[in-house]
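Structure, as structure tokens:
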Amino acid sequence: MKFHIESLHLWLASGVTRTLSFLPNKVNVITGASHTGKTAILDIFDYCFFASRHRISESIINESTLWYGLKIHVNDKVYTLARRAPSGGAISSDYYFSSTGKIPDEAPEANIREPALKVLLGADFGIDQDVKIPFGGQVLRTGSRISLRYFLLFNTISQDIITHSEQFFDKQDQPRSREALPRIFDIAVGIDSVENILKRDKRAQLEKRLTRLQKQSAKTDENREAFYSELAETTARAMSYDLIADDSDAEQAVATLQRMVAEREAGPGLFVSRRYEDISVELYRVSRKIKGLRKFLGEYTTHKNVLSETADSLKPIAYLKGNHADTVRTSVFSEILERLEEGLHEIKVEISKKNPLEGNVGELIKELEGQREQLQRELQALPSDSAVFENEKERYIFIGETKAKLEMFVGTDQKSPLNLEADIASLERQIGELTVPSSDDRRKHFTNVLEETIQEYIGLSNVALGNYGKYRSSFDYKEKKLHLRKPKTAFIENVGSSSNHMFLHLFLFLGLHEVIMANEGQHVAPFLIIDQFSRPYWGDDENGGAKSEQSDEQDRDVKESDVAKVHTALKLLDHFISQANSLDREFQIILFEHINPKYWEGLENFHLVEIFRDGNALIQGAQASS
């Protein structure tokens, strides 16, 4: 990852824009007297990068400023981001952003919301929105998104932390930052990767589903085994109660019993036997056939009677025909008479015929009546109610027990055993395909490399460390602390002085950044802001006299006995920049100090930004906090 800060901007209420410029691949130093605003620059940087609270001094600085902003270079892009100054203790949600690095001549206008800006910058820091916190705490929840701000813990060493004997990272007094550090450390230093985290998260989800299905399958198998052990007995009892046929297929016993339960629940509650029901249905069907055939014969007989009556009504035709001389005839008389005579003849022929249909129907009725008598005799031989049950309550109990066993085995909310096995096999295959390297081996390798790297810094600074110059570095991964170990022992030394603690902080952060750069880390920006590492050495002025009010307004000198230590620390920072440049890497250090510029004379990678003295300060013409 590439990153450096080009400039800091304060849009003041007076209409003036205060600007500080920094160089890449340099140790950029702002030095000067106390109460000129040096430390506030670190607070402003933190505020512009989405701080949820601020420590910017209200007196002089905040009361004089409308907006704070930074011009930064990120992966060959140039951005300007600015944030409206807080109002008292209340932070602002107004942000300005330019993707081309434009610096407004006047106070900016808000043009972007914080979530959108976080997503935009997060992408440049290689932070995928799908990457979640791997394990939760009291403040951070498992599955919450990883914030860009968490990785900025690797970019600052404040004056509160530089000589701390127990804490090496800023903001560890804040619960969210304290919990974030161990959760993002592996990603930051290259022990783990976003790809592996996503794989591990997906694998955890698949394993969770697999465990659930395996439990469901085990329960199904257990229920199946228990059910089949009782299936034969249940089926036999159902047969003995005449609830299922004696010829029921054993392999279809479950389906048969399910059908039996369903039929009994849908019926009127009369638990008649299956055979009794079948005979009753057949008897009803035969009786309806007999009734229908008899009705047919009755209607056929009625038809013939009507024909006979019609024939009787036509008998006068014969008289008219025999005595036609005595009748009055019209032109159609003969025609009508002939037609009536023909109809009478046809009726007589029809009445006199013997139709075989009558005999066939009669035989069919006799056959059906025989079947009906047989069915009635068989029905009378069967009980309409099972005699095995003592009462109706027992019937309900048996049916209910059978239903419960069936539901336990093949519940409506469960998958079939075959589907479960297929799903389990599919999940096992997917889990097998997700190969995630063990982080334990990579963690051990990282610790070894970090300690080797830090050991080089100890060798460069051994004079300043005195008795501990020959000690070995020992990184406590769990506590995220650096210790010194006595050679050839496991003894961890209590180094004691604040000077030694200052060096340990520099060693650890420089070592972390070197390893991160070697691993081509994407998430930790290659810059470091250090606030007043020389604090343990403040003392006499350069004339050797005691500190006076006048010297407080000048660049601070350190005790003569500690000059070599301060110079060693400065040489260490200079060496780190040279080392990064030799590896074709970019790195920027911004250092706030009280010391005289003479201490870094001859060091090629130092750049003096400004001296805050003689009225020059962050807010020019005024004294500010630190």
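Chain labels run A, B, ... following the order of the structure tokens; each chain numbers its residues from 1, and ligands are numbered from 1 in the order shown.
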
- For Lys2 in chain A: contacts at 8 Å, only C-alpha atoms, fewer than 6 positions along chain excluded, given as a list in words: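 So, after excluding close chain neighbours, the residues are His73, Val74, Asn75, Asp76, Ala525, Pro526 and Glu586 of chain A.
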
- Skipping near chain neighbours, those fewer than 4 positions away, what residues fall within 12 Å of Leu618 in chain A using only C-alpha atoms, listed as JSON, numbers by chain? {"A": [8, 9, 10, 11, 12, 17, 18, 19, 20, 30, 31, 32, 33, 34, 35, 36, 37, 38, 39, 40, 41, 42, 44, 57, 60, 61, 62, 64, 65, 609, 610, 611, 612, 613, 622, 623, 624, 625, 626]}

- Query: Do you know which residues are at most 12 Å from Arg212 in chain A counting only C-alpha atoms, after dropping those on the same chain fewer than 4 positions away, and could you put them as number ranges by chain?
  - Reply: A: 205-208, 216-219, 420, 423-424, 427

- Message: Ranking A:His523, A:Asn305, A:Arg200, A:Asn462 by minimum distance to Ile184 in chain A and counting only C-alpha atoms, which one comes first?
- Response: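 With only C-alpha atoms as the atom set, the closest residue is A:His523.
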
- Query: Can you list, as a list of chain:residue names, every protein, DNA or RNA residue that comes within 12 Å of Arg442 in chain A when you count only C-alpha atoms, leaving out same-chain residues fewer than 2 positions away?
  - Reply: A:Asp186, A:Ile187, A:Val189, A:Gly190, A:Ile191, A:Asp192, A:Ser193, A:Val436, A:Pro437, A:Ser438, A:Ser439, A:Asp440, A:Lys444, A:His445, A:Phe446, A:Thr447, A:Asn448, A:Val449, A:Asn519

Once you have the residues from the selection above, write them out as a PDB file, in the first residue's frame, restricted to C-alpha atoms.
```pdb
ATOM      1  CA  ASP A 186      -3.450 -10.766  12.269  1.00  0.00           C
ATOM      2  CA  ILE A 187      -4.986  -9.082   9.224  1.00  0.00           C
ATOM      3  CA  VAL A 189       0.493  -7.637   9.928  1.00  0.00           C
ATOM      4  CA  GLY A 190      -0.154 -10.291   7.263  1.00  0.00           C
ATOM      5  CA  ILE A 191      -0.603 -13.351   9.482  1.00  0.00           C
ATOM      6  CA  ASP A 192      -4.064 -13.670   8.052  1.00  0.00           C
ATOM      7  CA  SER A 193      -5.767 -12.334   4.937  1.00  0.00           C
ATOM      8  CA  VAL A 436      -7.783 -22.434   4.939  1.00  0.00           C
ATOM      9  CA  PRO A 437      -4.120 -22.348   6.069  1.00  0.00           C
ATOM     10  CA  SER A 438      -3.513 -22.733   9.771  1.00  0.00           C
ATOM     11  CA  SER A 439      -2.959 -19.339  11.368  1.00  0.00           C
ATOM     12  CA  ASP A 440      -0.933 -20.899  14.216  1.00  0.00           C
ATOM     13  CA  LYS A 444       4.746 -18.368  14.917  1.00  0.00           C
ATOM     14  CA  HIS A 445       6.603 -17.475  11.724  1.00  0.00           C
ATOM     15  CA  PHE A 446       5.543 -13.821  12.020  1.00  0.00           C
ATOM     16  CA  THR A 447       6.781 -13.623  15.623  1.00  0.00           C
ATOM     17  CA  ASN A 448      10.175 -15.045  14.638  1.00  0.00           C
ATOM     18  CA  VAL A 449      10.554 -12.603  11.747  1.00  0.00           C
ATOM     19  CA  ASN A 519       4.397  -8.860   3.402  1.00  0.00           C
TER      20      ASN A 519
END
```

- All residues 10 Å or closer to range 491-506 of chain A, only C-alpha atoms, same chain fewer than 3 positions away omitted, as a PyMOL selection string: chain A and resi 157+161-169+454+457-458+461+464-468+471-474+481-488+509-512+530+533-537+562+565-566+568-569+572-573

- Considering only C-alpha atoms, return as a count of residues only whatever protein or nucleic-acid residues lie within 6 Å of Gln532 in chain A, sequence-local ones (same chain, fewer than 6 positions apart) excluded. 3

- Closest of A:Glu394, A:Gly521, A:Phe185, A:Val286 to Leu364 in chain A - atom-to-atom distances counting only C-alpha atoms: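 Answer, going by the shortest atom-to-atom distance: A:Val286.
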